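Right, one structure below, let's go through it.
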Amino acid sequence: MNQSSQKIRVALDVMGGDFAPAYEVQGAIECLRQSNNRFHVVLVGDENKIKAELLKIGNTDGLDFSIVHAPDVIDMHDSPVVAIKTKPNSSLVKGVTMHKEGLVDAFVSPGNTGAVTAASTLILGRIPGVSRPTVAAIFPSEQGPTLIVDAGAVSDCRPQFLFEFGIMGSIYAEYMFKKKNPRVGLLNIGEEESKGNELAKETFKYISERKEKMNFVGNIEGRDILKGHVDVVVCDGFVGNVLLKFAESIPGYLKFQFKKFADKSILNKLMIGVLRGSLREIFKDMDYTEHGGIPLLGVNGVTIIGHGGSPPKAIKNMLFRAEEVVQYKINQHIQEQLKN
């Protein structure tokens, strides 16, 4: 194990996921091997359990990682705020605290989303100019990836919050998706300015009066998301999280229907067999493991949140996303845009 102060350093919450620490350790090692030790990974969690998983993997000589012992675990049933206060030696709190102290450049966790959001907000604080952090989800579309903000961090919003979500999402889409002047749309029940509830109408007016800050194209409807009519979809966290959970169910439903079709006859099985490669490519766009995790934008640091059941591939890609957010200086760009 080698350490280099010249490299980007990413702390990984090894105890946060449903299959911890096995998948987390495997994903971290895969990441380091694939990247040829491009950055340093700190495995934060129960040291004995981490070492046991490393023994199962085999030879890890020369890979750039270290271990920080954190025996406690914040699980999916813990109250986020209470757990942060009562479990200071948890892998989550210790990892975020290391980030706060400048010992790492980013933090990655497949743990309790509420706890990761709360710990990052309370310990790291917010970027100056940000009222509320936002969880950004990535959807596929006919025009490439589309960002949904907010996907669950803030259920009750004000127009100012949604405006800030749009700016943060626009910056992320520009640098991470390479989309110049990203199109930002406000999710509503119709395209007209008069449509929607009071929050939607007030937000439309609020953002329209500040259009120089982003490429706001107006209201969009749910059917516009997968068509790729915008690059960033702005909505409150309640709507965004419902949208996210519904989207997560689509691949499973489609696979069920394909299996149901194949089971009807030998001919159908052959047809599905012939299309297997194409179907796999299509489902790849819907596979969250390809992106790994979603960013918590607006905190004064880099936090990537993953699915609780994240397999090694997702853990690996979460680490890559964290590296990119650090490299592209996403937080600095957000602060610059919101400083006034």
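Residues are referred to by chain and number: the chain letter is A, B, ... according to the order shown in the structure tokens, the number counts from 1 in that chain, and ligands are numbered separately from 1 in the order shown.
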
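Counting only C-alpha atoms, region 270-286 of chain A has the following residues at most 10 Å away, ignoring those fewer than 5 positions along the same chain: Ile138, Phe139, Pro140, Ser141, Gly144, Pro145, Ala247, Glu248, Ile250, Pro251, Gly252, Leu254, Lys255, Phe258, Lys259, Phe261, Ala262, Ser265 and His291 of chain A.
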
Could the residues in this selection be written to a file with all heavy atoms, as a compact mmCIF listing (two decimals), in the first residue's frame?
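Result file result-v6.txt:
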# COMPACT_ATOMS: atom_id res chain seq x y z
N ILE A 138 -29.50 10.98 -12.17
CA ILE A 138 -29.20 10.94 -13.60
C ILE A 138 -30.17 10.00 -14.31
O ILE A 138 -30.29 8.83 -13.96
CB ILE A 138 -27.75 10.48 -13.83
CG1 ILE A 138 -26.78 11.43 -13.11
CG2 ILE A 138 -27.43 10.43 -15.33
CD1 ILE A 138 -25.36 10.91 -13.01
N PHE A 139 -30.88 10.54 -15.31
CA PHE A 139 -31.81 9.77 -16.12
C PHE A 139 -31.27 9.65 -17.54
O PHE A 139 -30.62 10.57 -18.04
CB PHE A 139 -33.18 10.47 -16.19
CG PHE A 139 -34.09 10.19 -15.04
CD1 PHE A 139 -33.60 10.07 -13.75
CD2 PHE A 139 -35.46 10.07 -15.23
CE1 PHE A 139 -34.44 9.82 -12.67
CE2 PHE A 139 -36.31 9.82 -14.17
CZ PHE A 139 -35.81 9.69 -12.89
N PRO A 140 -31.57 8.54 -18.23
CA PRO A 140 -31.22 8.46 -19.65
C PRO A 140 -32.25 9.23 -20.48
O PRO A 140 -33.37 9.46 -20.01
CB PRO A 140 -31.31 6.95 -19.94
CG PRO A 140 -32.38 6.48 -19.01
CD PRO A 140 -32.22 7.30 -17.76
N SER A 141 -31.87 9.64 -21.65
CA SER A 141 -32.83 10.28 -22.57
C SER A 141 -32.35 10.08 -24.00
O SER A 141 -31.25 9.58 -24.24
CB SER A 141 -32.97 11.77 -22.26
OG SER A 141 -31.93 12.53 -22.88
N GLY A 144 -29.04 11.90 -24.52
CA GLY A 144 -27.95 11.71 -23.56
C GLY A 144 -28.47 11.86 -22.14
O GLY A 144 -29.67 11.99 -21.91
N PRO A 145 -27.58 11.88 -21.15
CA PRO A 145 -28.01 11.94 -19.75
C PRO A 145 -28.73 13.23 -19.41
O PRO A 145 -28.40 14.31 -19.91
CB PRO A 145 -26.70 11.80 -18.97
CG PRO A 145 -25.63 12.22 -19.92
CD PRO A 145 -26.11 11.81 -21.28
N ALA A 247 -38.73 5.41 -11.82
CA ALA A 247 -37.78 5.09 -12.89
C ALA A 247 -36.97 3.85 -12.56
O ALA A 247 -36.66 3.04 -13.45
CB ALA A 247 -36.85 6.29 -13.12
N GLU A 248 -36.63 3.67 -11.27
CA GLU A 248 -35.84 2.50 -10.87
C GLU A 248 -36.61 1.20 -11.08
O GLU A 248 -36.01 0.13 -11.22
CB GLU A 248 -35.44 2.62 -9.40
CG GLU A 248 -34.35 3.66 -9.15
CD GLU A 248 -34.01 3.80 -7.67
OE1 GLU A 248 -34.80 3.32 -6.82
OE2 GLU A 248 -32.98 4.40 -7.35
N ILE A 250 -38.62 0.56 -13.68
CA ILE A 250 -38.87 0.29 -15.11
C ILE A 250 -38.03 -0.86 -15.65
O ILE A 250 -38.57 -1.76 -16.31
CB ILE A 250 -38.67 1.58 -15.94
CG1 ILE A 250 -39.75 2.61 -15.57
CG2 ILE A 250 -38.72 1.27 -17.43
CD1 ILE A 250 -39.57 3.96 -16.24
N PRO A 251 -36.71 -0.90 -15.42
CA PRO A 251 -35.92 -2.03 -15.96
C PRO A 251 -36.43 -3.39 -15.49
O PRO A 251 -36.52 -4.33 -16.29
CB PRO A 251 -34.50 -1.75 -15.45
CG PRO A 251 -34.45 -0.28 -15.23
CD PRO A 251 -35.83 0.08 -14.75
N GLY A 252 -36.77 -3.49 -14.22
CA GLY A 252 -37.26 -4.76 -13.69
C GLY A 252 -38.56 -5.17 -14.35
O GLY A 252 -38.78 -6.36 -14.66
N LEU A 254 -39.63 -4.27 -17.38
CA LEU A 254 -39.37 -4.64 -18.77
C LEU A 254 -38.75 -6.04 -18.87
O LEU A 254 -39.11 -6.84 -19.74
CB LEU A 254 -38.45 -3.61 -19.43
CG LEU A 254 -39.06 -2.22 -19.66
CD1 LEU A 254 -38.02 -1.28 -20.24
CD2 LEU A 254 -40.27 -2.30 -20.58
N LYS A 255 -37.83 -6.34 -17.96
CA LYS A 255 -37.21 -7.67 -17.95
C LYS A 255 -38.27 -8.75 -17.68
O LYS A 255 -38.24 -9.84 -18.27
CB LYS A 255 -36.10 -7.73 -16.90
CG LYS A 255 -34.87 -6.94 -17.29
CD LYS A 255 -33.81 -6.94 -16.19
CE LYS A 255 -32.62 -6.08 -16.58
NZ LYS A 255 -31.60 -6.01 -15.50
N PHE A 258 -40.19 -9.28 -20.91
CA PHE A 258 -39.40 -10.04 -21.89
C PHE A 258 -39.37 -11.53 -21.52
O PHE A 258 -39.49 -12.40 -22.39
CB PHE A 258 -37.97 -9.49 -21.98
CG PHE A 258 -37.86 -8.20 -22.72
CD1 PHE A 258 -37.20 -7.10 -22.18
CD2 PHE A 258 -38.44 -8.06 -23.99
CE1 PHE A 258 -37.10 -5.91 -22.87
CE2 PHE A 258 -38.35 -6.86 -24.69
CZ PHE A 258 -37.68 -5.79 -24.13
N LYS A 259 -39.21 -11.81 -20.23
CA LYS A 259 -39.19 -13.21 -19.78
C LYS A 259 -40.56 -13.85 -20.00
O LYS A 259 -40.65 -15.03 -20.43
CB LYS A 259 -38.81 -13.28 -18.30
CG LYS A 259 -38.65 -14.71 -17.78
CD LYS A 259 -38.23 -14.72 -16.33
CE LYS A 259 -37.97 -16.15 -15.86
NZ LYS A 259 -39.12 -17.04 -16.05
N PHE A 261 -42.71 -13.08 -22.26
CA PHE A 261 -42.83 -13.31 -23.71
C PHE A 261 -42.02 -14.54 -24.12
O PHE A 261 -42.50 -15.39 -24.88
CB PHE A 261 -42.33 -12.07 -24.45
CG PHE A 261 -42.28 -12.23 -25.95
CD1 PHE A 261 -43.42 -12.12 -26.72
CD2 PHE A 261 -41.07 -12.50 -26.59
CE1 PHE A 261 -43.37 -12.26 -28.11
CE2 PHE A 261 -41.01 -12.65 -27.96
CZ PHE A 261 -42.16 -12.54 -28.73
N ALA A 262 -40.80 -14.67 -23.61
CA ALA A 262 -39.92 -15.78 -23.98
C ALA A 262 -40.48 -17.12 -23.52
O ALA A 262 -40.31 -18.15 -24.18
CB ALA A 262 -38.53 -15.56 -23.40
N SER A 265 -43.11 -19.65 -25.84
CA SER A 265 -42.80 -20.64 -26.88
C SER A 265 -41.29 -20.70 -27.13
O SER A 265 -40.55 -19.78 -26.76
CB SER A 265 -43.50 -20.27 -28.19
OG SER A 265 -42.93 -19.11 -28.76
N HIS A 291 -23.34 4.71 -13.68
CA HIS A 291 -22.99 6.02 -13.11
C HIS A 291 -22.42 5.87 -11.71
O HIS A 291 -21.68 6.73 -11.24
CB HIS A 291 -24.22 6.93 -13.07
CG HIS A 291 -24.75 7.27 -14.43
ND1 HIS A 291 -24.10 8.13 -15.29
CD2 HIS A 291 -25.86 6.84 -15.09
CE1 HIS A 291 -24.79 8.23 -16.42
NE2 HIS A 291 -25.86 7.47 -16.31

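Of all the residues in region 124-226 of chain A, the ones DSSP labels as alpha helix (DSSP H) from the backbone are Pro159, Gln160, Phe161, Leu162, Phe163, Glu164, Phe165, Gly166, Ile167, Met168, Gly169, Ser170, Ile171, Tyr172, Ala173, Glu174, Tyr175, Met176, Glu198, Leu199, Ala200, Lys201, Glu202, Thr203, Phe204, Lys205, Tyr206, Ile207 and Ser208 of chain A.
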
Quiz item: Hey, what's within 12 Å of Leu54 (chain A) if we count only C-alpha atoms and toss same-chain stuff fewer than 6 positions away? As a PyMOL selection string, please?
Solution: chain A and resi 1+21-30+43+47-48+60-61+63+65-67

Tell me which protein, DNA and RNA residues are within 10 Å of Asn181 (chain A), counting only C-alpha atoms, leaving out same-chain ones fewer than 2 positions away, and put them as a PDB file with all heavy atoms, in the first residue's frame.
ATOM      1  N   SER A 170     -27.144  22.830 -13.651  1.00  0.00           N
ATOM      2  CA  SER A 170     -26.614  23.311 -14.928  1.00  0.00           C
ATOM      3  C   SER A 170     -25.090  23.212 -14.963  1.00  0.00           C
ATOM      4  O   SER A 170     -24.495  22.787 -15.958  1.00  0.00           O
ATOM      5  CB  SER A 170     -27.060  24.761 -15.150  1.00  0.00           C
ATOM      6  OG  SER A 170     -26.549  25.265 -16.367  1.00  0.00           O
ATOM      7  N   ILE A 171     -24.452  23.585 -13.869  1.00  0.00           N
ATOM      8  CA  ILE A 171     -22.988  23.512 -13.777  1.00  0.00           C
ATOM      9  C   ILE A 171     -22.528  22.060 -13.855  1.00  0.00           C
ATOM     10  O   ILE A 171     -21.569  21.723 -14.569  1.00  0.00           O
ATOM     11  CB  ILE A 171     -22.496  24.186 -12.485  1.00  0.00           C
ATOM     12  CG1 ILE A 171     -22.682  25.708 -12.599  1.00  0.00           C
ATOM     13  CG2 ILE A 171     -21.031  23.847 -12.203  1.00  0.00           C
ATOM     14  CD1 ILE A 171     -22.475  26.461 -11.302  1.00  0.00           C
ATOM     15  N   ALA A 173     -24.101  19.510 -15.232  1.00  0.00           N
ATOM     16  CA  ALA A 173     -24.326  18.993 -16.592  1.00  0.00           C
ATOM     17  C   ALA A 173     -23.289  19.520 -17.575  1.00  0.00           C
ATOM     18  O   ALA A 173     -22.834  18.800 -18.465  1.00  0.00           O
ATOM     19  CB  ALA A 173     -25.733  19.370 -17.066  1.00  0.00           C
ATOM     20  N   GLU A 174     -22.894  20.769 -17.403  1.00  0.00           N
ATOM     21  CA  GLU A 174     -21.913  21.367 -18.317  1.00  0.00           C
ATOM     22  C   GLU A 174     -20.560  20.672 -18.214  1.00  0.00           C
ATOM     23  O   GLU A 174     -19.947  20.331 -19.239  1.00  0.00           O
ATOM     24  CB  GLU A 174     -21.757  22.854 -18.012  1.00  0.00           C
ATOM     25  CG  GLU A 174     -20.723  23.541 -18.893  1.00  0.00           C
ATOM     26  CD  GLU A 174     -20.565  25.017 -18.599  1.00  0.00           C
ATOM     27  OE1 GLU A 174     -21.339  25.556 -17.772  1.00  0.00           O
ATOM     28  OE2 GLU A 174     -19.660  25.636 -19.198  1.00  0.00           O
ATOM     29  N   LYS A 178     -20.476  17.356 -20.422  1.00  0.00           N
ATOM     30  CA  LYS A 178     -19.919  18.082 -21.566  1.00  0.00           C
ATOM     31  C   LYS A 178     -21.019  18.726 -22.415  1.00  0.00           C
ATOM     32  O   LYS A 178     -20.968  18.718 -23.649  1.00  0.00           O
ATOM     33  CB  LYS A 178     -19.070  17.154 -22.449  1.00  0.00           C
ATOM     34  CG  LYS A 178     -18.034  16.332 -21.692  1.00  0.00           C
ATOM     35  CD  LYS A 178     -17.071  17.203 -20.943  1.00  0.00           C
ATOM     36  CE  LYS A 178     -16.028  16.375 -20.204  1.00  0.00           C
ATOM     37  NZ  LYS A 178     -15.236  17.170 -19.255  1.00  0.00           N
ATOM     38  N   LYS A 179     -22.022  19.288 -21.751  1.00  0.00           N
ATOM     39  CA  LYS A 179     -23.123  19.944 -22.460  1.00  0.00           C
ATOM     40  C   LYS A 179     -22.975  21.453 -22.327  1.00  0.00           C
ATOM     41  O   LYS A 179     -23.111  22.007 -21.234  1.00  0.00           O
ATOM     42  CB  LYS A 179     -24.471  19.489 -21.906  1.00  0.00           C
ATOM     43  CG  LYS A 179     -24.758  18.015 -22.174  1.00  0.00           C
ATOM     44  CD  LYS A 179     -26.183  17.643 -21.844  1.00  0.00           C
ATOM     45  CE  LYS A 179     -26.472  16.201 -22.243  1.00  0.00           C
ATOM     46  NZ  LYS A 179     -27.878  15.815 -22.056  1.00  0.00           N
ATOM     47  N   ARG A 183     -29.718  23.182 -21.147  1.00  0.00           N
ATOM     48  CA  ARG A 183     -31.103  23.655 -21.085  1.00  0.00           C
ATOM     49  C   ARG A 183     -31.725  23.210 -19.762  1.00  0.00           C
ATOM     50  O   ARG A 183     -31.677  22.044 -19.414  1.00  0.00           O
ATOM     51  CB  ARG A 183     -31.912  23.076 -22.250  1.00  0.00           C
ATOM     52  CG  ARG A 183     -31.376  23.457 -23.625  1.00  0.00           C
ATOM     53  CD  ARG A 183     -31.857  22.469 -24.673  1.00  0.00           C
ATOM     54  NE  ARG A 183     -31.359  21.117 -24.378  1.00  0.00           N
ATOM     55  CZ  ARG A 183     -31.798  20.012 -24.970  1.00  0.00           C
ATOM     56  NH1 ARG A 183     -32.756  20.097 -25.880  1.00  0.00           N
ATOM     57  NH2 ARG A 183     -31.302  18.837 -24.656  1.00  0.00           N
ATOM     58  N   VAL A 184     -32.328  24.171 -19.059  1.00  0.00           N
ATOM     59  CA  VAL A 184     -32.927  23.897 -17.751  1.00  0.00           C
ATOM     60  C   VAL A 184     -34.434  24.082 -17.850  1.00  0.00           C
ATOM     61  O   VAL A 184     -34.918  25.112 -18.327  1.00  0.00           O
ATOM     62  CB  VAL A 184     -32.355  24.849 -16.669  1.00  0.00           C
ATOM     63  CG1 VAL A 184     -32.989  24.551 -15.313  1.00  0.00           C
ATOM     64  CG2 VAL A 184     -30.839  24.724 -16.600  1.00  0.00           C
ATOM     65  N   MET A 214     -28.759  31.129 -16.039  1.00  0.00           N
ATOM     66  CA  MET A 214     -28.846  29.789 -16.626  1.00  0.00           C
ATOM     67  C   MET A 214     -29.693  29.836 -17.884  1.00  0.00           C
ATOM     68  O   MET A 214     -30.406  30.807 -18.128  1.00  0.00           O
ATOM     69  CB  MET A 214     -29.447  28.802 -15.613  1.00  0.00           C
ATOM     70  CG  MET A 214     -30.917  29.023 -15.332  1.00  0.00           C
ATOM     71  SD  MET A 214     -31.616  27.852 -14.137  1.00  0.00           S
ATOM     72  CE  MET A 214     -31.432  28.771 -12.613  1.00  0.00           C
ATOM     73  N   ASN A 215     -29.624  28.794 -18.669  1.00  0.00           N
ATOM     74  CA  ASN A 215     -30.397  28.704 -19.904  1.00  0.00           C
ATOM     75  C   ASN A 215     -31.769  28.102 -19.600  1.00  0.00           C
ATOM     76  O   ASN A 215     -32.038  26.940 -19.885  1.00  0.00           O
ATOM     77  CB  ASN A 215     -29.639  27.850 -20.920  1.00  0.00           C
ATOM     78  CG  ASN A 215     -30.356  27.732 -22.253  1.00  0.00           C
ATOM     79  OD1 ASN A 215     -31.261  28.518 -22.548  1.00  0.00           O
ATOM     80  ND2 ASN A 215     -29.970  26.766 -23.052  1.00  0.00           N
ATOM     81  N   PHE A 216     -32.637  28.927 -19.009  1.00  0.00           N
ATOM     82  CA  PHE A 216     -33.965  28.466 -18.599  1.00  0.00           C
ATOM     83  C   PHE A 216     -34.906  28.477 -19.797  1.00  0.00           C
ATOM     84  O   PHE A 216     -35.135  29.521 -20.412  1.00  0.00           O
ATOM     85  CB  PHE A 216     -34.509  29.373 -17.490  1.00  0.00           C
ATOM     86  CG  PHE A 216     -35.871  28.976 -16.980  1.00  0.00           C
ATOM     87  CD1 PHE A 216     -36.095  27.709 -16.471  1.00  0.00           C
ATOM     88  CD2 PHE A 216     -36.926  29.894 -16.999  1.00  0.00           C
ATOM     89  CE1 PHE A 216     -37.343  27.340 -15.992  1.00  0.00           C
ATOM     90  CE2 PHE A 216     -38.170  29.542 -16.510  1.00  0.00           C
ATOM     91  CZ  PHE A 216     -38.390  28.260 -16.013  1.00  0.00           C
ATOM     92  N   ASP A 231     -31.708  19.400 -20.445  1.00  0.00           N
ATOM     93  CA  ASP A 231     -30.563  18.698 -19.851  1.00  0.00           C
ATOM     94  C   ASP A 231     -30.665  18.621 -18.335  1.00  0.00           C
ATOM     95  O   ASP A 231     -30.067  17.742 -17.714  1.00  0.00           O
ATOM     96  CB  ASP A 231     -29.260  19.399 -20.238  1.00  0.00           C
ATOM     97  CG  ASP A 231     -29.118  19.543 -21.742  1.00  0.00           C
ATOM     98  OD1 ASP A 231     -29.133  18.508 -22.421  1.00  0.00           O
ATOM     99  OD2 ASP A 231     -29.014  20.693 -22.230  1.00  0.00           O
TER     100      ASP A 231
END

Exercise. May I ask for the distance between CA of Asp105 (chain A) and CA of Arg9 (chain A), given in Å to one decimal place?
Key: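 We find that CA of Asp105 (chain A) and CA of Arg9 (chain A) lie 5.3 Å from each other.
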
Exercise. Have a look at A:Ala200, A:Ile50, A:Ala118, A:Met176 and name the one nearest to Ala153 (chain A); count only C-alpha atoms.
Key: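 Answer, going by the shortest atom-to-atom distance: A:Ala118.
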
Quiz prompt | Phe320 (chain A) surroundings by only C-alpha atoms, 12 Å radius, close-in-sequence under 6 positions cut, as a VMD selection string | solution = chain A and resid 8 to 10 12 27 to 28 30 to 32 34 to 35 37 to 41 106 to 108 176 289 to 295 304 313 to 314 326 to 327

The selected residues should be written to file as a compact mmCIF listing (two decimals), in the first residue's frame (atoms: N, CA, C and O atoms).
# COMPACT_ATOMS: atom_id res chain seq x y z
N ILE A 8 -5.37 12.80 -5.83
CA ILE A 8 -6.69 13.02 -5.25
C ILE A 8 -6.94 11.88 -4.26
O ILE A 8 -6.64 10.72 -4.54
N ARG A 9 -7.48 12.22 -3.11
CA ARG A 9 -7.73 11.23 -2.06
C ARG A 9 -9.24 11.12 -1.84
O ARG A 9 -9.91 12.14 -1.61
N VAL A 10 -9.76 9.91 -1.91
CA VAL A 10 -11.20 9.69 -1.75
C VAL A 10 -11.45 8.73 -0.60
O VAL A 10 -10.90 7.63 -0.56
N LEU A 12 -13.89 6.18 1.30
CA LEU A 12 -15.01 5.30 0.98
C LEU A 12 -15.60 4.73 2.27
O LEU A 12 -14.89 4.09 3.06
N GLY A 27 -15.04 -3.27 -4.95
CA GLY A 27 -15.17 -2.15 -5.88
C GLY A 27 -13.97 -1.22 -5.82
O GLY A 27 -13.50 -0.73 -6.85
N ALA A 28 -13.47 -0.98 -4.61
CA ALA A 28 -12.32 -0.10 -4.45
C ALA A 28 -11.08 -0.69 -5.12
O ALA A 28 -10.33 0.01 -5.83
N GLU A 30 -11.03 -2.92 -7.57
CA GLU A 30 -11.26 -2.89 -9.03
C GLU A 30 -10.95 -1.51 -9.58
O GLU A 30 -10.35 -1.36 -10.65
N CYS A 31 -11.38 -0.48 -8.85
CA CYS A 31 -11.16 0.91 -9.27
C CYS A 31 -9.67 1.24 -9.37
O CYS A 31 -9.21 1.81 -10.35
N LEU A 32 -8.93 0.85 -8.35
CA LEU A 32 -7.49 1.14 -8.33
C LEU A 32 -6.76 0.39 -9.43
O LEU A 32 -5.86 0.93 -10.08
N GLN A 34 -8.12 -0.69 -12.31
CA GLN A 34 -8.53 -0.16 -13.61
C GLN A 34 -7.91 1.20 -13.89
O GLN A 34 -7.58 1.53 -15.04
N SER A 35 -7.76 2.01 -12.85
CA SER A 35 -7.22 3.36 -13.02
C SER A 35 -5.70 3.41 -12.93
O SER A 35 -5.11 4.48 -13.07
N ASN A 37 -3.91 3.02 -10.26
CA ASN A 37 -3.53 3.79 -9.07
C ASN A 37 -3.56 5.30 -9.30
O ASN A 37 -2.73 6.04 -8.78
N ARG A 38 -4.55 5.76 -10.07
CA ARG A 38 -4.58 7.19 -10.41
C ARG A 38 -4.85 8.06 -9.18
O ARG A 38 -4.45 9.22 -9.14
N PHE A 39 -5.57 7.53 -8.21
CA PHE A 39 -5.83 8.29 -7.00
C PHE A 39 -5.75 7.37 -5.78
O PHE A 39 -5.58 6.15 -5.93
N HIS A 40 -5.84 7.96 -4.61
CA HIS A 40 -5.70 7.20 -3.36
C HIS A 40 -7.07 6.98 -2.73
O HIS A 40 -7.87 7.92 -2.61
N VAL A 41 -7.37 5.76 -2.31
CA VAL A 41 -8.64 5.43 -1.68
C VAL A 41 -8.40 5.10 -0.21
O VAL A 41 -7.54 4.28 0.13
N ALA A 106 -12.65 13.96 -1.18
CA ALA A 106 -14.03 13.59 -1.49
C ALA A 106 -14.46 12.44 -0.59
O ALA A 106 -13.62 11.71 -0.05
N PHE A 107 -15.77 12.28 -0.47
CA PHE A 107 -16.33 11.20 0.34
C PHE A 107 -17.40 10.46 -0.47
O PHE A 107 -18.22 11.09 -1.12
N VAL A 108 -17.37 9.14 -0.39
CA VAL A 108 -18.28 8.29 -1.15
C VAL A 108 -18.95 7.30 -0.20
O VAL A 108 -18.27 6.69 0.64
N MET A 176 -19.71 17.73 -16.28
CA MET A 176 -19.70 16.26 -16.21
C MET A 176 -20.24 15.60 -17.47
O MET A 176 -19.79 14.53 -17.86
N THR A 289 -25.62 1.29 -12.02
CA THR A 289 -24.23 0.94 -11.72
C THR A 289 -23.25 1.59 -12.71
O THR A 289 -22.08 1.74 -12.41
N GLU A 290 -23.75 1.97 -13.88
CA GLU A 290 -22.90 2.64 -14.87
C GLU A 290 -22.44 4.00 -14.36
O GLU A 290 -21.31 4.42 -14.61
N HIS A 291 -23.34 4.71 -13.68
CA HIS A 291 -22.99 6.02 -13.11
C HIS A 291 -22.42 5.87 -11.71
O HIS A 291 -21.68 6.73 -11.24
N GLY A 292 -22.80 4.79 -11.05
CA GLY A 292 -22.28 4.52 -9.71
C GLY A 292 -23.11 5.17 -8.63
O GLY A 292 -23.80 4.52 -7.86
N GLY A 293 -23.06 6.48 -8.57
CA GLY A 293 -23.77 7.20 -7.52
C GLY A 293 -24.20 8.57 -7.99
O GLY A 293 -23.94 8.97 -9.11
N ILE A 294 -24.89 9.27 -7.11
CA ILE A 294 -25.40 10.60 -7.44
C ILE A 294 -24.76 11.64 -6.52
O ILE A 294 -24.48 11.35 -5.35
N PRO A 295 -24.51 12.82 -7.03
CA PRO A 295 -23.83 13.83 -6.22
C PRO A 295 -24.78 14.58 -5.30
O PRO A 295 -25.95 14.80 -5.63
N ILE A 304 -20.58 11.77 -2.82
CA ILE A 304 -21.29 10.96 -3.80
C ILE A 304 -22.05 9.89 -3.03
O ILE A 304 -21.48 9.16 -2.22
N LYS A 313 -19.17 -3.01 -9.14
CA LYS A 313 -19.10 -2.13 -10.32
C LYS A 313 -19.60 -0.72 -9.98
O LYS A 313 -19.01 0.29 -10.39
N ALA A 314 -20.69 -0.64 -9.23
CA ALA A 314 -21.23 0.66 -8.84
C ALA A 314 -20.27 1.39 -7.89
O ALA A 314 -20.08 2.60 -8.02
N VAL A 326 -14.06 16.44 -8.26
CA VAL A 326 -12.91 17.17 -7.71
C VAL A 326 -12.11 17.81 -8.84
O VAL A 326 -11.76 19.00 -8.79
N GLN A 327 -11.82 17.03 -9.87
CA GLN A 327 -11.01 17.53 -10.99
C GLN A 327 -11.65 18.72 -11.69
O GLN A 327 -10.97 19.68 -12.05
